[in-house]
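Worksheet: the structure to be examined is printed underneath.
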Amino acid sequence: MEILAQEPEFWNPPAGGPNPAKISEELANLKEEIDFWEMSDKELVGLGKLNELSKEDEKLKSEIKDRLVELQKKFEKEEIKIFLSGEYDRKNVIMSIYSGAGGIDAQDWAEMLLRMYLKYAEKRKFKARVIHIAAGQEAGIKNVTLEINGPYAYGYLKGEAGVHRLVRLSPFNADKLRHTSFALIEVLPQFGEVGEIKIQPEDLKFDTYKASGPGGQYVNKTESAVRITHLPTGITAACQSERLQGANKKTAMKLLQIKLFQKQLQDQEKVKKKIRGKQTAVEWGSQIRSYVLHPYKMVKDHRTKAETSNIEAVLDGELDEFIEAEIKLGYNA
């Protein structure tokens, strides 16, 4: 990659040539990994020499022990990448959140999940932006689509796909009754240029409308939002984050291609499962995680059995325990 990046025409490739921005990004990520292990190696060698000198120096021995504990934590974070060897695990992510059963409470729950994943992305130093958002009539959101960019973003977040369940005392009920809400998470890898998908112009329906939403950090209000519907499949894609209608149309079209490509892959997998005699699970009914705020506090993943009572931290983006457990479970399945 370094040799390729030094070529005179690297930043002006011919049509269909390598994408310089993506190559530069991947090169930077690989260099970061190499630097981590080289620095860790030097630190271990240095600690070994200090250990030889410590002898009866209890303070120095304690310092060496503390530094080894910190290194161990860093190694455990890096270790998870061993399990991220899937075809698309290094890709960026398109994540959609849909409010489900539960009315206003479900729409509020969808917005809470949006905040949770934005916080998670911030903690992992991923770049996240809202592509499209549909606000609820009274509170919360009906649905939202996020673009999350970072090393192994899809590998980390693919296991979040499925139904997330919230149990709490409803803030929208005068009697403060216990209420159960559901939201569906959809996670797609950002394939980049999807050359395999051919879309006929007559199969597309374009709608433009004024962007709406809660504002603030979630959306830039514009009058150039675009929604594209693929008539044969009914699949839709929308974008309202850009100022110009043309830019929104381009992003929505790219998102539509990703969704159609994902459907193609899913259809192929269904055929394989049918041949093997296995039934395909209904995704909307597959509850993967429960978040309970009343009568006790608990977050429990129904696949890995990972759980914690610190639900506030989870809703504030502390998802590593659950995500890493699911990655290891999926790898060993």
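Identifiers for the structure tokens are assigned positionally: chains receive A, B, ... in sequence, residues are indexed from 1 per chain, and ligands are indexed from 1 in the order shown.
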Problem - Asp320 of chain A surroundings by only C-alpha atoms, 10 Å radius, close-in-sequence under 4 positions cut, as a ChimeraX atom specification - result: /A:77,120,124,156,314,324-326
Any chance you can output those residues with C-alpha atoms as a compact mmCIF listing (two decimals), in the first residue's frame?
```
# COMPACT_ATOMS: atom_id res chain seq x y z
CA LYS A 77 -8.87 -5.22 23.67
CA TYR A 120 -20.51 4.06 21.85
CA ARG A 124 -14.40 3.91 20.22
CA TYR A 156 -18.06 -4.89 16.31
CA VAL A 314 -24.82 0.77 29.12
CA GLU A 324 -17.24 -8.70 22.83
CA ALA A 325 -19.20 -11.62 24.33
CA GLU A 326 -21.37 -11.79 21.19
```
Exercise for the section: Per DSSP on the backbone, filter segment 22-104 of chain A down to the residues in strand (DSSP E or B) and report them as a PyMOL selection string. Expected result: chain A and resi 93-99
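For Glu70 of chain A, the non-local neighbours within 12 Å, defined as residues at least 5 positions apart in the same chain or in other chains and counting only C-alpha atoms, are Ser40, Glu43, Leu44, Glu63, Ile64, Lys65, Phe75, Glu76 and Lys77 of chain A.
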Exercise for the section: Kindly indicate which residue among A:Lys158, A:Lys328, A:Lys22, A:Lys210 lies nearest to Tyr88 of chain A, using only C-alpha atoms for the distances. Expected result: A:Lys158
Kindly assemble as a tab-separated table a list of the segment 237-331 of chain A residues that lie within 12 Å of segment 113-117 of chain A, each paired with its nearest atom pair and their distance in Å to one decimal, using only C-alpha atoms, sorted first by chain and then by ascending residue number.
```
residue	atom	partner	partner_atom	distance
A:Tyr291	CA	A:Leu113	CA	10.8
A:Ile311	CA	A:Met116	CA	11.2
A:Glu312	CA	A:Met116	CA	10.1
A:Ala313	CA	A:Met116	CA	9.5
A:Val314	CA	A:Met116	CA	7.5
A:Leu315	CA	A:Met116	CA	5.1
A:Asp316	CA	A:Met116	CA	5.5
A:Gly317	CA	A:Met116	CA	4.8
A:Glu318	CA	A:Met116	CA	8.3
A:Leu319	CA	A:Met116	CA	8.8
A:Asp320	CA	A:Tyr117	CA	11.6
A:Ile323	CA	A:Tyr117	CA	11.9
```
Writing out the chosen residues with C-alpha atoms as a compact mmCIF listing (two decimals), in the first residue's frame:
```txt
# COMPACT_ATOMS: atom_id res chain seq x y z
CA TYR A 291 -33.02 -3.48 29.33
CA ILE A 311 -27.88 0.03 33.04
CA GLU A 312 -27.00 3.74 33.15
CA ALA A 313 -23.48 3.00 31.91
CA VAL A 314 -24.82 0.77 29.12
CA LEU A 315 -27.25 3.44 27.93
CA ASP A 316 -24.29 5.84 28.02
CA GLY A 317 -22.45 3.73 25.45
CA GLU A 318 -20.57 1.22 27.63
CA LEU A 319 -21.31 -1.78 25.40
CA ASP A 320 -17.94 -3.55 25.23
CA ILE A 323 -20.41 -6.74 22.07
```
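If you measure from each of A:Glu321, A:Asp41, A:Asp175, A:Glu26 to Gly150 of chain A using only C-alpha atoms, the closest one turns out to be A:Glu26.
Among A:His294, A:Leu84, A:Glu79, A:Trp11, the residue with the shortest atom-to-atom distance to Lys176 of chain A, counting only C-alpha atoms, is A:His294.
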Exercise for the section: Could you check how far atom CA of Phe182 of chain A sits from atom CA of Ala135 of chain A, in Å to one decimal? Expected result: 16.5 Å
